[in-house]
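Notes follow the structure.
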Amino acid sequence: MEEQTVVLVKPDGFEKKVVGQVIDRFERAGLALVGLKMIRLTQGVLDVWYAHHKDKPFFPELSKQMMSTPVVAMVLSGENAIEKVFAICGPTDPAEAAPGTIRKDFGVDKPHNVVHRSDSAEAAQKEIGLLFTPEELFS
Ligand code: CMP
């Protein structure tokens, strides 16, 4: 199934200067870039983006970290894009990720796991709507 999904290179990935390497991994897997921009997230966006984490103890620190530098946001499309991106990123905790995944290769711990990726098609649509206008997508 042709799908769209969102990836953010988070501040820890931005500061490590692995943006190009992250994008390269998705393109090598056959995924297409449909949208790409550098932005600074706001608390208002994060409150909606992470609505499911808002009551978690780590939410204030997560928000602070996500706003600490610009992030690189992209929309990727392709056959089973959500599953493919999940496999390329690895699980949330880099310690549990397999070698060759972005989070294992560049991540440190859960708060510093280099990338965000959409959990589901519904999450992807919500995230696209929060960060991109239709004119900014080229499919
Ligand atoms: P992300 O894919 O952006 O989705 C939610 C983020 O919260 C996750 O990546 C982690 O960076 C962060 N996160 C999840 N669980 C924890 C935790 N237990 N402690 C700190 N940060 C967490």
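Simple scheme: letters A, B, ... for chains in structure tokens order, numbers from 1 for residues in each chain, numbers from 1 for ligands in the order shown.
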Select from chain A every residue with an atom at most 8 Å from any atom of ligand 1, then for each give the shortest pair of atoms and their distance in Å to one decimal, using only C-alpha atoms and all ligand atoms, rows by chain and rising number, as JSON lines.
{"residue": "A:Lys10", "atom": "CA", "partner": "ligand 1", "partner_atom_place_in_ligand_line": "3 (O)", "distance": 7.8}
{"residue": "A:Tyr50", "atom": "CA", "partner": "ligand 1", "partner_atom_place_in_ligand_line": "5 (C)", "distance": 6.9}
{"residue": "A:His53", "atom": "CA", "partner": "ligand 1", "partner_atom_place_in_ligand_line": "5 (C)", "distance": 7.2}
{"residue": "A:Pro57", "atom": "CA", "partner": "ligand 1", "partner_atom_place_in_ligand_line": "19 (N)", "distance": 8.0}
{"residue": "A:Phe58", "atom": "CA", "partner": "ligand 1", "partner_atom_place_in_ligand_line": "20 (C)", "distance": 5.1}
{"residue": "A:Phe59", "atom": "CA", "partner": "ligand 1", "partner_atom_place_in_ligand_line": "7 (O)", "distance": 7.3}
{"residue": "A:Glu61", "atom": "CA", "partner": "ligand 1", "partner_atom_place_in_ligand_line": "20 (C)", "distance": 7.8}
{"residue": "A:Leu62", "atom": "CA", "partner": "ligand 1", "partner_atom_place_in_ligand_line": "21 (N)", "distance": 6.2}
{"residue": "A:Thr92", "atom": "CA", "partner": "ligand 1", "partner_atom_place_in_ligand_line": "9 (O)", "distance": 5.6}
{"residue": "A:Asp93", "atom": "CA", "partner": "ligand 1", "partner_atom_place_in_ligand_line": "10 (C)", "distance": 7.6}
{"residue": "A:Asp109", "atom": "CA", "partner": "ligand 1", "partner_atom_place_in_ligand_line": "11 (O)", "distance": 7.9}
{"residue": "A:Lys110", "atom": "CA", "partner": "ligand 1", "partner_atom_place_in_ligand_line": "10 (C)", "distance": 4.7}
{"residue": "A:Pro111", "atom": "CA", "partner": "ligand 1", "partner_atom_place_in_ligand_line": "11 (O)", "distance": 3.8}
{"residue": "A:His112", "atom": "CA", "partner": "ligand 1", "partner_atom_place_in_ligand_line": "11 (O)", "distance": 5.8}
{"residue": "A:Asn113", "atom": "CA", "partner": "ligand 1", "partner_atom_place_in_ligand_line": "11 (O)", "distance": 5.7}
{"residue": "A:Val114", "atom": "CA", "partner": "ligand 1", "partner_atom_place_in_ligand_line": "11 (O)", "distance": 8.0}
{"residue": "A:Val115", "atom": "CA", "partner": "ligand 1", "partner_atom_place_in_ligand_line": "2 (O)", "distance": 6.5}
{"residue": "A:His116", "atom": "CA", "partner": "ligand 1", "partner_atom_place_in_ligand_line": "2 (O)", "distance": 4.0}
{"residue": "A:Arg117", "atom": "CA", "partner": "ligand 1", "partner_atom_place_in_ligand_line": "2 (O)", "distance": 5.6}
{"residue": "A:Ser118", "atom": "CA", "partner": "ligand 1", "partner_atom_place_in_ligand_line": "2 (O)", "distance": 7.5}
{"residue": "A:Asp119", "atom": "CA", "partner": "ligand 1", "partner_atom_place_in_ligand_line": "2 (O)", "distance": 8.0}
Write a file of the selected residues as a short mmCIF file (atom, residue, chain, number, x, y, z; two decimals), in the first residue's frame, keeping C-alpha atoms.
data_model
loop_
_atom_site.label_atom_id
_atom_site.label_comp_id
_atom_site.auth_asym_id
_atom_site.auth_seq_id
_atom_site.Cartn_x
_atom_site.Cartn_y
_atom_site.Cartn_z
CA LYS A 10 15.49 15.69 16.29
CA TYR A 50 2.76 14.55 21.71
CA HIS A 53 2.58 11.76 26.10
CA PRO A 57 6.79 12.56 33.56
CA PHE A 58 9.26 12.99 30.71
CA PHE A 59 7.02 15.36 28.69
CA GLU A 61 12.04 17.56 29.33
CA LEU A 62 11.05 16.08 25.95
CA THR A 92 12.41 4.04 20.53
CA ASP A 93 15.23 2.88 22.81
CA ASP A 109 19.10 6.80 24.86
CA LYS A 110 15.33 7.29 24.62
CA PRO A 111 15.41 11.09 24.88
CA HIS A 112 18.27 11.21 22.38
CA ASN A 113 17.14 8.76 19.73
CA VAL A 114 17.92 10.97 16.70
CA VAL A 115 14.61 10.66 14.85
CA HIS A 116 10.89 10.76 15.32
CA ARG A 117 8.76 8.71 12.94
CA SER A 118 5.00 8.40 12.58
CA ASP A 119 3.46 5.51 14.54
#
Which residues, written as a list in words, have at least one atom at most 9 Å from A:Glu127, with only C-alpha atoms counted and residues fewer than 5 positions away on the same chain left out?
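These residues fall inside the cut-off: Thr5, Val6, Trp49, Ser118, Glu122 and Phe132 of chain A.
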Go ahead and write the residues just picked, all heavy atoms, as a PDB file, in the first residue's frame.
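Final output, saved to result.pdb:
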ATOM      1  N   THR A   5       4.554   9.120   5.351  1.00  0.00           N
ATOM      2  CA  THR A   5       4.916   9.122   6.761  1.00  0.00           C
ATOM      3  C   THR A   5       5.848  10.300   7.044  1.00  0.00           C
ATOM      4  O   THR A   5       6.471  10.832   6.128  1.00  0.00           O
ATOM      5  CB  THR A   5       5.560   7.773   7.170  1.00  0.00           C
ATOM      6  OG1 THR A   5       5.757   7.740   8.578  1.00  0.00           O
ATOM      7  CG2 THR A   5       6.877   7.537   6.464  1.00  0.00           C
ATOM      8  N   VAL A   6       5.912  10.699   8.306  1.00  0.00           N
ATOM      9  CA  VAL A   6       6.730  11.855   8.690  1.00  0.00           C
ATOM     10  C   VAL A   6       7.939  11.392   9.501  1.00  0.00           C
ATOM     11  O   VAL A   6       7.817  10.535  10.372  1.00  0.00           O
ATOM     12  CB  VAL A   6       5.898  12.844   9.550  1.00  0.00           C
ATOM     13  CG1 VAL A   6       6.766  13.995  10.049  1.00  0.00           C
ATOM     14  CG2 VAL A   6       4.729  13.380   8.745  1.00  0.00           C
ATOM     15  N   TRP A  49       1.262  17.437  18.986  1.00  0.00           N
ATOM     16  CA  TRP A  49       2.098  16.361  18.422  1.00  0.00           C
ATOM     17  C   TRP A  49       2.220  15.202  19.417  1.00  0.00           C
ATOM     18  O   TRP A  49       2.065  14.039  19.060  1.00  0.00           O
ATOM     19  CB  TRP A  49       3.484  16.942  18.120  1.00  0.00           C
ATOM     20  CG  TRP A  49       4.426  16.055  17.372  1.00  0.00           C
ATOM     21  CD1 TRP A  49       5.208  15.068  17.883  1.00  0.00           C
ATOM     22  CD2 TRP A  49       4.684  16.096  15.970  1.00  0.00           C
ATOM     23  NE1 TRP A  49       5.954  14.479  16.895  1.00  0.00           N
ATOM     24  CE2 TRP A  49       5.656  15.098  15.714  1.00  0.00           C
ATOM     25  CE3 TRP A  49       4.210  16.885  14.925  1.00  0.00           C
ATOM     26  CZ2 TRP A  49       6.146  14.865  14.433  1.00  0.00           C
ATOM     27  CZ3 TRP A  49       4.705  16.656  13.657  1.00  0.00           C
ATOM     28  CH2 TRP A  49       5.658  15.648  13.417  1.00  0.00           C
ATOM     29  N   SER A 118       6.432   8.590  12.322  1.00  0.00           N
ATOM     30  CA  SER A 118       5.002   8.401  12.583  1.00  0.00           C
ATOM     31  C   SER A 118       4.727   6.962  13.013  1.00  0.00           C
ATOM     32  O   SER A 118       5.252   6.016  12.435  1.00  0.00           O
ATOM     33  CB  SER A 118       4.178   8.701  11.336  1.00  0.00           C
ATOM     34  OG  SER A 118       4.504   9.950  10.796  1.00  0.00           O
ATOM     35  N   GLU A 122      -2.676   7.266  10.651  1.00  0.00           N
ATOM     36  CA  GLU A 122      -3.452   8.360  11.261  1.00  0.00           C
ATOM     37  C   GLU A 122      -2.497   9.406  11.857  1.00  0.00           C
ATOM     38  O   GLU A 122      -2.691  10.603  11.689  1.00  0.00           O
ATOM     39  CB  GLU A 122      -4.375   7.830  12.368  1.00  0.00           C
ATOM     40  CG  GLU A 122      -5.480   6.889  11.908  1.00  0.00           C
ATOM     41  CD  GLU A 122      -4.955   5.520  11.474  1.00  0.00           C
ATOM     42  OE1 GLU A 122      -4.002   4.992  12.101  1.00  0.00           O
ATOM     43  OE2 GLU A 122      -5.485   4.971  10.483  1.00  0.00           O
ATOM     44  N   PHE A 132       3.083  20.887   7.613  1.00  0.00           N
ATOM     45  CA  PHE A 132       3.190  21.186   6.182  1.00  0.00           C
ATOM     46  C   PHE A 132       1.870  21.711   5.628  1.00  0.00           C
ATOM     47  O   PHE A 132       0.789  21.231   6.017  1.00  0.00           O
ATOM     48  CB  PHE A 132       3.574  19.916   5.398  1.00  0.00           C
ATOM     49  CG  PHE A 132       4.978  19.441   5.643  1.00  0.00           C
ATOM     50  CD1 PHE A 132       5.251  18.547   6.683  1.00  0.00           C
ATOM     51  CD2 PHE A 132       6.044  19.880   4.857  1.00  0.00           C
ATOM     52  CE1 PHE A 132       6.546  18.104   6.930  1.00  0.00           C
ATOM     53  CE2 PHE A 132       7.336  19.444   5.091  1.00  0.00           C
ATOM     54  CZ  PHE A 132       7.595  18.553   6.123  1.00  0.00           C
TER      55      PHE A 132
END
Nearby residues (only C-alpha atoms) at most 9 Å from A:Ser77, same-chain spacing under 4 positions excluded, as a list in words:
Glu2, Glu3, Gln4, Thr5, Val6, Leu31, Ala32, Leu33, Val34, Ala81, Ile82 and Ser139 of chain A
Grab the residues selected above and save them as an mmCIF file, in the first residue's frame with all heavy atoms.
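Writing the result to part.cif gives the following:
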data_model
loop_
_atom_site.group_PDB
_atom_site.id
_atom_site.type_symbol
_atom_site.label_atom_id
_atom_site.label_comp_id
_atom_site.auth_asym_id
_atom_site.auth_seq_id
_atom_site.Cartn_x
_atom_site.Cartn_y
_atom_site.Cartn_z
ATOM 1 N N GLU A 2 0.594 2.179 -0.909
ATOM 2 C CA GLU A 2 1.334 3.443 -0.988
ATOM 3 C C GLU A 2 0.971 4.299 0.233
ATOM 4 O O GLU A 2 -0.211 4.540 0.492
ATOM 5 C CB GLU A 2 0.936 4.150 -2.284
ATOM 6 C CG GLU A 2 1.747 5.371 -2.626
ATOM 7 C CD GLU A 2 3.145 5.055 -3.164
ATOM 8 O OE1 GLU A 2 3.439 3.882 -3.466
ATOM 9 O OE2 GLU A 2 3.953 5.997 -3.265
ATOM 10 N N GLU A 3 1.969 4.708 1.001
ATOM 11 C CA GLU A 3 1.709 5.480 2.226
ATOM 12 C C GLU A 3 2.634 6.687 2.307
ATOM 13 O O GLU A 3 3.700 6.708 1.698
ATOM 14 C CB GLU A 3 1.995 4.621 3.465
ATOM 15 C CG GLU A 3 1.033 3.502 3.698
ATOM 16 C CD GLU A 3 1.458 2.633 4.871
ATOM 17 O OE1 GLU A 3 2.674 2.449 5.103
ATOM 18 O OE2 GLU A 3 0.558 2.132 5.554
ATOM 19 N N GLN A 4 2.200 7.662 3.112
ATOM 20 C CA GLN A 4 3.077 8.781 3.474
ATOM 21 C C GLN A 4 3.378 8.695 4.964
ATOM 22 O O GLN A 4 2.540 8.254 5.745
ATOM 23 C CB GLN A 4 2.389 10.116 3.182
ATOM 24 C CG GLN A 4 2.255 10.404 1.702
ATOM 25 C CD GLN A 4 1.795 11.817 1.423
ATOM 26 O OE1 GLN A 4 1.235 12.478 2.281
ATOM 27 N NE2 GLN A 4 2.019 12.277 0.216
ATOM 28 N N THR A 5 4.554 9.120 5.351
ATOM 29 C CA THR A 5 4.916 9.122 6.761
ATOM 30 C C THR A 5 5.848 10.300 7.044
ATOM 31 O O THR A 5 6.471 10.832 6.128
ATOM 32 C CB THR A 5 5.560 7.773 7.170
ATOM 33 O OG1 THR A 5 5.757 7.740 8.578
ATOM 34 C CG2 THR A 5 6.877 7.537 6.464
ATOM 35 N N VAL A 6 5.912 10.699 8.306
ATOM 36 C CA VAL A 6 6.730 11.855 8.690
ATOM 37 C C VAL A 6 7.939 11.392 9.501
ATOM 38 O O VAL A 6 7.817 10.535 10.372
ATOM 39 C CB VAL A 6 5.898 12.844 9.550
ATOM 40 C CG1 VAL A 6 6.766 13.995 10.049
ATOM 41 C CG2 VAL A 6 4.729 13.380 8.745
ATOM 42 N N LEU A 31 12.405 4.970 -0.689
ATOM 43 C CA LEU A 31 11.359 5.929 -0.296
ATOM 44 C C LEU A 31 11.623 7.272 -0.984
ATOM 45 O O LEU A 31 12.776 7.636 -1.230
ATOM 46 C CB LEU A 31 11.344 6.091 1.227
ATOM 47 C CG LEU A 31 10.927 4.808 1.961
ATOM 48 C CD1 LEU A 31 11.356 4.849 3.417
ATOM 49 C CD2 LEU A 31 9.423 4.593 1.857
ATOM 50 N N ALA A 32 10.540 7.979 -1.271
ATOM 51 C CA ALA A 32 10.661 9.256 -1.976
ATOM 52 C C ALA A 32 10.394 10.417 -1.026
ATOM 53 O O ALA A 32 9.468 10.362 -0.209
ATOM 54 C CB ALA A 32 9.672 9.299 -3.130
ATOM 55 N N LEU A 33 11.195 11.460 -1.157
ATOM 56 C CA LEU A 33 10.959 12.690 -0.392
ATOM 57 C C LEU A 33 9.832 13.466 -1.059
ATOM 58 O O LEU A 33 9.907 13.783 -2.245
ATOM 59 C CB LEU A 33 12.220 13.554 -0.407
ATOM 60 C CG LEU A 33 13.202 13.425 0.742
ATOM 61 C CD1 LEU A 33 14.403 14.318 0.465
ATOM 62 C CD2 LEU A 33 12.576 13.774 2.077
ATOM 63 N N VAL A 34 8.823 13.773 -0.271
ATOM 64 C CA VAL A 34 7.655 14.502 -0.774
ATOM 65 C C VAL A 34 7.642 15.915 -0.196
ATOM 66 O O VAL A 34 7.120 16.850 -0.785
ATOM 67 C CB VAL A 34 6.370 13.742 -0.359
ATOM 68 C CG1 VAL A 34 5.129 14.548 -0.651
ATOM 69 C CG2 VAL A 34 6.296 12.392 -1.041
ATOM 70 N N ALA A 81 5.402 2.566 3.532
ATOM 71 C CA ALA A 81 6.398 3.522 4.032
ATOM 72 C C ALA A 81 6.490 3.515 5.557
ATOM 73 O O ALA A 81 7.589 3.645 6.114
ATOM 74 C CB ALA A 81 6.063 4.923 3.523
ATOM 75 N N ILE A 82 5.372 3.370 6.241
ATOM 76 C CA ILE A 82 5.402 3.444 7.709
ATOM 77 C C ILE A 82 6.220 2.290 8.294
ATOM 78 O O ILE A 82 7.088 2.490 9.151
ATOM 79 C CB ILE A 82 3.966 3.483 8.267
ATOM 80 C CG1 ILE A 82 3.341 4.838 7.888
ATOM 81 C CG2 ILE A 82 3.936 3.264 9.785
ATOM 82 C CD1 ILE A 82 1.880 4.966 8.143
ATOM 83 N N SER A 139 4.079 15.556 -4.490
ATOM 84 C CA SER A 139 3.932 14.107 -4.744
ATOM 85 C C SER A 139 3.540 13.835 -6.189
ATOM 86 O O SER A 139 3.165 14.733 -6.906
ATOM 87 C CB SER A 139 2.899 13.508 -3.813
ATOM 88 O OG SER A 139 1.739 14.277 -3.797
#
Can you list, as a compact mmCIF listing (two decimals) with all heavy atoms, in the first residue's frame, every residue of chain A that DSSP puts in strand (DSSP E or B)?
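Okay, selection-v3.txt is ready:
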# COMPACT_ATOMS: atom_id res chain seq x y z
N GLU A 2 0.59 2.18 -0.91
CA GLU A 2 1.33 3.44 -0.99
C GLU A 2 0.97 4.30 0.23
O GLU A 2 -0.21 4.54 0.49
CB GLU A 2 0.94 4.15 -2.28
CG GLU A 2 1.75 5.37 -2.63
CD GLU A 2 3.15 5.06 -3.16
OE1 GLU A 2 3.44 3.88 -3.47
OE2 GLU A 2 3.95 6.00 -3.26
N GLU A 3 1.97 4.71 1.00
CA GLU A 3 1.71 5.48 2.23
C GLU A 3 2.63 6.69 2.31
O GLU A 3 3.70 6.71 1.70
CB GLU A 3 2.00 4.62 3.47
CG GLU A 3 1.03 3.50 3.70
CD GLU A 3 1.46 2.63 4.87
OE1 GLU A 3 2.67 2.45 5.10
OE2 GLU A 3 0.56 2.13 5.55
N GLN A 4 2.20 7.66 3.11
CA GLN A 4 3.08 8.78 3.47
C GLN A 4 3.38 8.69 4.96
O GLN A 4 2.54 8.25 5.74
CB GLN A 4 2.39 10.12 3.18
CG GLN A 4 2.25 10.40 1.70
CD GLN A 4 1.80 11.82 1.42
OE1 GLN A 4 1.23 12.48 2.28
NE2 GLN A 4 2.02 12.28 0.22
N THR A 5 4.55 9.12 5.35
CA THR A 5 4.92 9.12 6.76
C THR A 5 5.85 10.30 7.04
O THR A 5 6.47 10.83 6.13
CB THR A 5 5.56 7.77 7.17
OG1 THR A 5 5.76 7.74 8.58
CG2 THR A 5 6.88 7.54 6.46
N VAL A 6 5.91 10.70 8.31
CA VAL A 6 6.73 11.86 8.69
C VAL A 6 7.94 11.39 9.50
O VAL A 6 7.82 10.54 10.37
CB VAL A 6 5.90 12.84 9.55
CG1 VAL A 6 6.77 13.99 10.05
CG2 VAL A 6 4.73 13.38 8.75
N VAL A 7 9.07 11.98 9.19
CA VAL A 7 10.28 11.78 10.01
C VAL A 7 10.78 13.16 10.42
O VAL A 7 10.80 14.09 9.61
CB VAL A 7 11.38 11.03 9.23
CG1 VAL A 7 12.70 11.06 10.01
CG2 VAL A 7 10.98 9.58 8.97
N LEU A 8 11.16 13.29 11.67
CA LEU A 8 11.88 14.48 12.14
C LEU A 8 13.29 14.05 12.52
O LEU A 8 13.45 13.05 13.23
CB LEU A 8 11.25 15.05 13.42
CG LEU A 8 9.81 15.52 13.43
CD1 LEU A 8 9.48 16.06 14.82
CD2 LEU A 8 9.58 16.57 12.37
N VAL A 9 14.28 14.77 12.05
CA VAL A 9 15.61 14.63 12.65
C VAL A 9 15.60 15.56 13.85
O VAL A 9 15.47 16.78 13.73
CB VAL A 9 16.74 14.99 11.67
CG1 VAL A 9 18.09 14.78 12.35
CG2 VAL A 9 16.64 14.16 10.39
N ALA A 32 10.54 7.98 -1.27
CA ALA A 32 10.66 9.26 -1.98
C ALA A 32 10.39 10.42 -1.03
O ALA A 32 9.47 10.36 -0.21
CB ALA A 32 9.67 9.30 -3.13
N LEU A 33 11.19 11.46 -1.16
CA LEU A 33 10.96 12.69 -0.39
C LEU A 33 9.83 13.47 -1.06
O LEU A 33 9.91 13.78 -2.25
CB LEU A 33 12.22 13.55 -0.41
CG LEU A 33 13.20 13.42 0.74
CD1 LEU A 33 14.40 14.32 0.47
CD2 LEU A 33 12.58 13.77 2.08
N VAL A 34 8.82 13.77 -0.27
CA VAL A 34 7.65 14.50 -0.77
C VAL A 34 7.64 15.92 -0.20
O VAL A 34 7.12 16.85 -0.78
CB VAL A 34 6.37 13.74 -0.36
CG1 VAL A 34 5.13 14.55 -0.65
CG2 VAL A 34 6.30 12.39 -1.04
N GLY A 35 8.24 16.08 0.98
CA GLY A 35 8.34 17.39 1.64
C GLY A 35 9.57 17.40 2.52
O GLY A 35 9.96 16.35 3.05
N LEU A 36 10.18 18.59 2.66
CA LEU A 36 11.40 18.70 3.47
C LEU A 36 11.56 20.14 3.93
O LEU A 36 11.50 21.06 3.12
CB LEU A 36 12.62 18.30 2.62
CG LEU A 36 13.99 18.36 3.28
CD1 LEU A 36 14.11 17.30 4.37
CD2 LEU A 36 15.08 18.13 2.24
N LYS A 37 11.75 20.33 5.23
CA LYS A 37 11.98 21.69 5.73
C LYS A 37 12.68 21.66 7.09
O LYS A 37 12.64 20.66 7.81
CB LYS A 37 10.67 22.47 5.84
CG LYS A 37 9.68 21.87 6.82
CD LYS A 37 8.66 22.91 7.27
CE LYS A 37 7.52 23.07 6.31
NZ LYS A 37 6.38 23.80 6.91
N MET A 38 13.31 22.80 7.40
CA MET A 38 13.93 22.97 8.71
C MET A 38 13.04 23.93 9.48
O MET A 38 12.72 25.01 8.98
CB MET A 38 15.32 23.57 8.49
CG MET A 38 16.27 23.35 9.58
SD MET A 38 17.92 23.62 8.91
CE MET A 38 18.46 24.84 10.03
N ILE A 39 12.67 23.54 10.68
CA ILE A 39 11.77 24.40 11.48
C ILE A 39 12.15 24.32 12.96
O ILE A 39 12.78 23.36 13.40
CB ILE A 39 10.29 23.95 11.37
CG1 ILE A 39 10.16 22.45 11.54
CG2 ILE A 39 9.64 24.42 10.10
CD1 ILE A 39 8.74 22.01 11.69
N VAL A 71 14.62 21.50 13.94
CA VAL A 71 14.56 20.09 13.52
C VAL A 71 14.40 20.06 12.01
O VAL A 71 14.00 21.06 11.41
CB VAL A 71 13.38 19.33 14.19
CG1 VAL A 71 13.52 19.32 15.70
CG2 VAL A 71 12.04 19.91 13.76
N VAL A 72 14.73 18.93 11.41
CA VAL A 72 14.52 18.76 9.98
C VAL A 72 13.32 17.82 9.82
O VAL A 72 13.36 16.69 10.30
CB VAL A 72 15.78 18.20 9.29
CG1 VAL A 72 15.51 17.94 7.81
CG2 VAL A 72 16.94 19.18 9.46
N ALA A 73 12.28 18.35 9.21
CA ALA A 73 11.04 17.58 9.06
C ALA A 73 10.91 17.14 7.61
O ALA A 73 11.17 17.92 6.70
CB ALA A 73 9.85 18.45 9.45
N MET A 74 10.51 15.88 7.43
CA MET A 74 10.32 15.40 6.06
C MET A 74 9.09 14.51 5.97
O MET A 74 8.70 13.87 6.95
CB MET A 74 11.56 14.66 5.56
CG MET A 74 11.85 13.36 6.25
SD MET A 74 13.55 12.79 5.97
CE MET A 74 14.42 13.65 7.28
N VAL A 75 8.50 14.53 4.80
CA VAL A 75 7.43 13.58 4.48
C VAL A 75 8.00 12.63 3.44
O VAL A 75 8.57 13.07 2.43
CB VAL A 75 6.18 14.29 3.92
CG1 VAL A 75 5.09 13.26 3.59
CG2 VAL A 75 5.66 15.32 4.92
N LEU A 76 7.89 11.34 3.74
CA LEU A 76 8.39 10.31 2.84
C LEU A 76 7.21 9.51 2.31
O LEU A 76 6.23 9.28 3.04
CB LEU A 76 9.34 9.37 3.59
CG LEU A 76 10.63 10.01 4.10
CD1 LEU A 76 11.26 9.16 5.20
CD2 LEU A 76 11.62 10.19 2.95
N SER A 77 7.31 9.08 1.08
CA SER A 77 6.23 8.24 0.57
C SER A 77 6.80 7.01 -0.11
O SER A 77 7.96 6.99 -0.56
CB SER A 77 5.32 9.03 -0.38
OG SER A 77 5.85 9.02 -1.67
N GLY A 78 5.97 5.96 -0.17
CA GLY A 78 6.37 4.72 -0.81
C GLY A 78 5.49 3.58 -0.35
O GLY A 78 4.63 3.74 0.52
N GLU A 79 5.74 2.44 -0.95
CA GLU A 79 5.03 1.22 -0.60
C GLU A 79 5.34 0.88 0.87
O GLU A 79 6.52 0.81 1.24
CB GLU A 79 5.52 0.13 -1.55
CG GLU A 79 4.73 -1.14 -1.59
CD GLU A 79 3.33 -0.95 -2.17
OE1 GLU A 79 3.05 0.06 -2.84
OE2 GLU A 79 2.50 -1.84 -1.93
N ASP A 109 20.12 7.34 23.94
CA ASP A 109 19.10 6.80 24.86
C ASP A 109 17.73 7.27 24.36
O ASP A 109 17.65 7.94 23.32
CB ASP A 109 19.38 7.24 26.30
CG ASP A 109 19.55 8.75 26.43
OD1 ASP A 109 19.11 9.48 25.51
OD2 ASP A 109 20.10 9.21 27.44
N HIS A 112 17.34 10.83 23.45
CA HIS A 112 18.27 11.21 22.38
C HIS A 112 18.34 10.06 21.37
O HIS A 112 19.35 9.36 21.26
CB HIS A 112 19.65 11.52 22.97
CG HIS A 112 19.61 12.53 24.07
ND1 HIS A 112 19.54 12.17 25.40
CD2 HIS A 112 19.56 13.88 24.04
CE1 HIS A 112 19.48 13.27 26.13
NE2 HIS A 112 19.47 14.31 25.34
N VAL A 115 15.73 10.44 15.77
CA VAL A 115 14.61 10.66 14.85
C VAL A 115 13.27 10.40 15.53
O VAL A 115 13.17 9.59 16.46
CB VAL A 115 14.70 9.74 13.60
CG1 VAL A 115 15.69 10.27 12.59
CG2 VAL A 115 15.01 8.30 13.97
N HIS A 116 12.29 11.11 15.04
CA HIS A 116 10.89 10.76 15.32
C HIS A 116 10.34 10.19 14.02
O HIS A 116 10.68 10.65 12.94
CB HIS A 116 10.08 12.00 15.70
CG HIS A 116 8.60 11.75 15.62
ND1 HIS A 116 7.88 11.25 16.68
CD2 HIS A 116 7.74 11.86 14.57
CE1 HIS A 116 6.62 11.08 16.29
NE2 HIS A 116 6.51 11.45 15.02
N ARG A 117 9.46 9.20 14.14
CA ARG A 117 8.76 8.71 12.94
C ARG A 117 7.31 8.45 13.31
O ARG A 117 6.98 8.16 14.47
CB ARG A 117 9.44 7.48 12.35
CG ARG A 117 9.84 6.46 13.41
CD ARG A 117 9.03 5.21 13.37
NE ARG A 117 9.18 4.44 14.58
CZ ARG A 117 8.16 4.10 15.36
NH1 ARG A 117 6.93 4.52 15.11
NH2 ARG A 117 8.35 3.37 16.43
Hey, what's within 10 Å of A:Pro91 if we count only C-alpha atoms and toss same-chain stuff fewer than 4 positions away? As a compact mmCIF listing (two decimals) with N, CA and C atoms, in the first residue's frame, please?
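Wrote around-v3.txt, looks like this:
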# COMPACT_ATOMS: atom_id res chain seq x y z
N PHE A 86 9.92 2.51 10.07
CA PHE A 86 10.08 1.93 11.41
C PHE A 86 11.32 1.03 11.43
N ALA A 87 11.44 0.16 10.42
CA ALA A 87 12.57 -0.79 10.38
C ALA A 87 13.90 -0.06 10.23
N ALA A 95 19.14 1.30 22.80
CA ALA A 95 19.76 0.10 23.39
C ALA A 95 19.10 -1.18 22.89
N GLU A 96 17.85 -1.06 22.45
CA GLU A 96 17.13 -2.25 21.96
C GLU A 96 17.18 -2.37 20.45
N ALA A 97 17.82 -1.39 19.79
CA ALA A 97 17.81 -1.36 18.32
C ALA A 97 18.93 -2.23 17.74
N ALA A 98 18.69 -2.76 16.55
CA ALA A 98 19.68 -3.61 15.89
C ALA A 98 20.73 -2.75 15.20
N THR A 101 20.52 0.17 12.21
CA THR A 101 19.38 1.09 12.30
C THR A 101 19.89 2.48 12.71
N ILE A 102 19.11 3.49 12.36
CA ILE A 102 19.52 4.86 12.67
C ILE A 102 19.69 5.05 14.17
N ARG A 103 18.74 4.52 14.94
CA ARG A 103 18.80 4.78 16.38
C ARG A 103 19.97 4.05 17.05
N LYS A 104 20.31 2.86 16.56
CA LYS A 104 21.47 2.16 17.12
C LYS A 104 22.76 2.87 16.72
N LYS A 110 16.67 6.96 25.11
CA LYS A 110 15.33 7.29 24.62
C LYS A 110 15.15 8.78 24.31
N ASN A 113 17.22 9.88 20.67
CA ASN A 113 17.14 8.76 19.73
C ASN A 113 17.08 9.22 18.28
List every residue of chain A that DSSP, applied to the backbone, labels as alpha helix (DSSP H), and write the result as an MDAnalysis selection string.
chainID A and resid 11:15 19:28 43:49 59:66 81:89 102:106 121:131
To one decimal place, how far is atom CA of A:Pro94 from atom CA of A:Phe106 in Å?
8.4 Å
Compare A:Ile88, A:Thr42, A:Asp105, A:Val48 by their minimum atom-to-atom distance to A:Lys126, counting only C-alpha atoms, and give me the closest one.
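Of the candidates, the smallest distance to A:Lys126 is held by A:Val48.
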Looking at A:Lys17, A:Lys54, A:Lys84, A:Arg40, which one is nearest to A:Thr69, with distances taken over only C-alpha atoms?
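Distance minimum relative to A:Thr69 lands on A:Arg40.
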